[in-house]
Amino acid sequence: MEQYAIRGGNPLEGEVVIAGAKNAALGILAAAIMTDDEVVIENVPFVSDTRTLLKAIENIGATVRYIDRHTVSICGKGIAGDEELSVDDEYIRKIRASYYLIGALLGKYKYANVALPGGCDIGSRPIDLHIKGFEILGATVDIVSGGKVVAEAKQLVGSHIYLDTVSVGATINIMLAAALAEGKTTIENAAKEPHIVDVANFLNTMGANIKGAGTDVIRVRGVSRLHGAEYSIIPDQIEAGTFMVMAAATQGNVLVKNVIPKHMEAISSKLIEMGARVIEYDDSIRVMADGKLRPTQVKTLPYPGFPTDMQAQIAAVLCLAEGTSVVTESIFENRFRYVNELTRMGAKIRVEGNTAIITGVPKFTGANMSASDLRAGAALVIAALAAEGVSVIDDIKYVKRGYEDFDTKIRALGGDMEIVESERSLQKFKLKAV
């Protein structure tokens, strides 16, 4: 079983190039099958989630061609859009974003049969808002035995949809279905995340008519068909934020390249509050820290608030700040599962409901830990890089779901980190001369 072996204590210095946004890519790859023409998508992150979705798309009859490591060609012409179509295999149940195939297939074929998703266990992620949206558009939706969603409609007709809570997944899924519905759909209380805008821009490039993405009211005027397109995915806000926080935790100096600074404002402002230096350029951000960091308060909120996907990473750094910090999680209920792992390293964290009260400690000490989910895994890596001694992290499959070449990029910044696959290779790493 693969593990991360990390020897902490090195300030990270240098440049790191951020990959395409995983969360945007998953919506865009699903949307690509909504036309019978060829679609070419660039800046696709090379992570297990995108590869899994592409395999699932290929398995239902689409032609998938890998032009290079980050560019893929998709043609959905070969998909049989009838009751024989069922998206259920070893791949699709592994990822949460499988549910985007419901909206894509329902929009194109007025029929979808898709297995319910897996992904990280960070709390309940019901798809009731997705189902509500599809039903308002005229679909009948059932969850059948085996955990599959079957949605069908004689026709989809645009309507007014109010989302009871802000949901990224429901916003994207309803946009996909509405793009090929008859008439106009209005989505109120829509999510405003950068990847919502990216999926909408991609659909518009294919001939859709979507306005208002990035605001809380999205208007979709249905079109009869979508056509082929070429598109490049935006940079990954969360990968960029992870490296920014990593620079502060290790008292380093890192230039994070290929980012959209506007997307990073909530993270940048917290790092500045904590005493790090943050310098923004046109498409890059430099983060520097030298000396003790200050405590702060963080509350996760829908964009443009502080992202829930950065909560664990910022908490890991706040463990090393002087004083008491408070981190409140308002999106998912299981996002503090990393706390027990950080306490193995010497962190002082008390969890009360959806709030973590963090008392800063002078240092972390290396420990054996397990990643409980994607972002928790990233937080453990950050803590291990800042710690004294060697740390070993299990279940790195979660981290590989969302970070491309994570260990390679960290080594290029001076981090002492390797993937080990046996006790022998782990011992070799531990005995390696520093």
# chains A, B, ... in the order shown; residues from 1 in each chain; ligands from 1
$ select_by_dssp --residues "segment 108-334 of chain A" --states "alpha helix (DSSP H)" --output "PyMOL selection string"
chain A and resi 108-109+128-136+168-179+194-205+237-249+265-273+311-318
$ residues_around --residues "Gly169 of chain A" --least-positions-apart "3" --cutoff "9 Å" --atoms "only C-alpha atoms" --output "tab-separated table (two decimals) with N, CA, C and O atoms, in the first residue's frame"
chain	number	residue	atom	x	y	z
A	27	GLY	N	-17.37	18.70	-14.01
A	27	GLY	CA	-18.60	19.18	-14.65
A	27	GLY	C	-18.45	19.32	-16.15
A	27	GLY	O	-19.35	18.98	-16.93
A	97	ALA	N	-18.75	13.18	-8.40
A	97	ALA	CA	-19.16	13.91	-9.61
A	97	ALA	C	-19.86	13.04	-10.63
A	97	ALA	O	-20.29	13.54	-11.67
A	99	TYR	N	-22.70	12.19	-10.45
A	99	TYR	CA	-24.07	12.69	-10.57
A	99	TYR	C	-24.22	13.72	-11.68
A	99	TYR	O	-25.33	13.98	-12.15
A	100	TYR	N	-23.13	14.34	-12.16
A	100	TYR	CA	-23.26	15.27	-13.28
A	100	TYR	C	-23.70	14.56	-14.56
A	100	TYR	O	-24.26	15.18	-15.47
A	127	ILE	N	-28.78	14.34	-2.71
A	127	ILE	CA	-29.00	14.92	-4.04
A	127	ILE	C	-30.46	15.36	-4.18
A	127	ILE	O	-30.97	15.44	-5.29
A	129	LEU	N	-31.76	18.27	-3.83
A	129	LEU	CA	-31.89	19.52	-4.60
A	129	LEU	C	-31.75	19.25	-6.09
A	129	LEU	O	-32.41	19.90	-6.91
A	130	HIS	N	-30.86	18.32	-6.46
A	130	HIS	CA	-30.71	17.94	-7.86
A	130	HIS	C	-32.05	17.38	-8.37
A	130	HIS	O	-32.55	17.78	-9.43
A	172	ILE	N	-24.82	23.09	-10.96
A	172	ILE	CA	-24.24	22.59	-12.22
A	172	ILE	C	-25.17	21.59	-12.89
A	172	ILE	O	-25.43	21.66	-14.10
A	173	ASN	N	-25.72	20.66	-12.12
A	173	ASN	CA	-26.55	19.60	-12.69
A	173	ASN	C	-27.80	20.17	-13.36
A	173	ASN	O	-28.20	19.75	-14.45
A	174	ILE	N	-28.44	21.15	-12.70
A	174	ILE	CA	-29.64	21.76	-13.27
A	174	ILE	C	-29.28	22.58	-14.51
A	174	ILE	O	-30.02	22.56	-15.51
A	191	ALA	N	-25.24	28.63	-6.64
A	191	ALA	CA	-23.86	28.74	-6.16
A	191	ALA	C	-23.08	29.66	-7.10
A	191	ALA	O	-23.40	29.79	-8.28
$ atom_distance --atom1 "atom CA of Asp407 of chain A" --atom2 "atom CA of Asn43 of chain A"
19.6 Å
$ closest_residue --among "A:Lys22, A:His227, A:Lys132, A:Lys148" --to "Ile187 of chain A" --atoms "only C-alpha atoms"
A:Lys132
$ residues_around --residues "His195 of chain A" --least-positions-apart "6" --cutoff "8 Å" --atoms "only C-alpha atoms" --output "list of chain:residue names"
A:Ala21, A:Asn23, A:Ala24, A:Ile234
$ write_last_selection --atoms "C-alpha atoms" --output "PDB file, in the first residue's frame"
ATOM      1  CA  ALA A  21      -9.461  22.931 -11.525  1.00  0.00           C
ATOM      2  CA  ASN A  23     -14.127  20.537  -9.652  1.00  0.00           C
ATOM      3  CA  ALA A  24     -14.574  22.449 -12.920  1.00  0.00           C
ATOM      4  CA  ILE A 234      -9.420  27.411 -15.218  1.00  0.00           C
TER       5      ILE A 234
END
$ closest_residue --among "A:Glu423, A:Asp395, A:Glu193, A:Asp309" --to "Lys262 of chain A" --atoms "only C-alpha atoms"
A:Glu193
$ residues_around --residues "Gly214 of chain A" --least-positions-apart "3" --cutoff "7 Å" --atoms "only C-alpha atoms" --output "ChimeraX atom specification"
/A:192-194,196-197
$ write_last_selection --atoms "C-alpha atoms" --output "short mmCIF file (atom, residue, chain, number, x, y, z; two decimals), in the first residue's frame"
data_model
loop_
_atom_site.label_atom_id
_atom_site.label_comp_id
_atom_site.auth_asym_id
_atom_site.auth_seq_id
_atom_site.Cartn_x
_atom_site.Cartn_y
_atom_site.Cartn_z
CA LYS A 192 -21.29 31.32 -7.33
CA GLU A 193 -18.03 29.33 -7.22
CA PRO A 194 -15.46 29.87 -10.01
CA ILE A 196 -19.82 27.19 -11.82
CA VAL A 197 -18.72 30.03 -14.10
#
$ closest_residue --among "A:Pro295, A:Pro45, A:Gly252, A:Gly415" --to "Glu13 of chain A" --atoms "only C-alpha atoms"
A:Gly252
$ residues_around --residues "Asp282 of chain A" --least-positions-apart "3" --cutoff "12 Å" --atoms "only C-alpha atoms" --output "ChimeraX atom specification"
/A:256-262,279,285-286
$ decode --residues "segment 141-152 of chain A" --atoms "N, CA, C and O atoms" --output "compact mmCIF listing (two decimals), in the first residue's frame"
# COMPACT_ATOMS: atom_id res chain seq x y z
N VAL A 141 -38.17 11.20 -11.44
CA VAL A 141 -36.90 10.72 -10.90
C VAL A 141 -37.18 9.68 -9.81
O VAL A 141 -37.97 9.92 -8.90
N ASP A 142 -36.53 8.52 -9.93
CA ASP A 142 -36.66 7.47 -8.92
C ASP A 142 -35.27 6.99 -8.52
O ASP A 142 -34.36 6.91 -9.36
N ILE A 143 -35.13 6.66 -7.24
CA ILE A 143 -33.92 5.98 -6.78
C ILE A 143 -34.30 4.51 -6.62
O ILE A 143 -35.14 4.16 -5.80
N VAL A 144 -33.71 3.66 -7.45
CA VAL A 144 -34.11 2.26 -7.52
C VAL A 144 -33.12 1.39 -6.77
O VAL A 144 -32.07 1.85 -6.30
N SER A 145 -33.44 0.11 -6.65
CA SER A 145 -32.58 -0.81 -5.90
C SER A 145 -31.18 -0.83 -6.49
O SER A 145 -31.00 -0.70 -7.70
N GLY A 146 -30.22 -1.00 -5.61
CA GLY A 146 -28.83 -0.97 -6.06
C GLY A 146 -28.24 0.43 -6.02
O GLY A 146 -27.10 0.65 -6.44
N GLY A 147 -29.04 1.40 -5.52
CA GLY A 147 -28.52 2.76 -5.39
C GLY A 147 -28.30 3.46 -6.72
O GLY A 147 -27.26 4.06 -6.96
N LYS A 148 -29.31 3.37 -7.60
CA LYS A 148 -29.20 4.03 -8.90
C LYS A 148 -30.31 5.07 -9.05
O LYS A 148 -31.42 4.88 -8.55
N VAL A 149 -29.98 6.15 -9.74
CA VAL A 149 -30.96 7.20 -10.02
C VAL A 149 -31.43 7.04 -11.46
O VAL A 149 -30.61 7.04 -12.39
N VAL A 150 -32.74 6.91 -11.64
CA VAL A 150 -33.32 6.83 -12.98
C VAL A 150 -34.18 8.07 -13.19
O VAL A 150 -35.13 8.31 -12.44
N ALA A 151 -33.81 8.88 -14.17
CA ALA A 151 -34.55 10.11 -14.47
C ALA A 151 -34.98 10.07 -15.94
O ALA A 151 -34.18 9.72 -16.81
N GLU A 152 -36.24 10.39 -16.19
CA GLU A 152 -36.71 10.41 -17.58
C GLU A 152 -37.79 11.45 -17.75
O GLU A 152 -38.49 11.82 -16.81
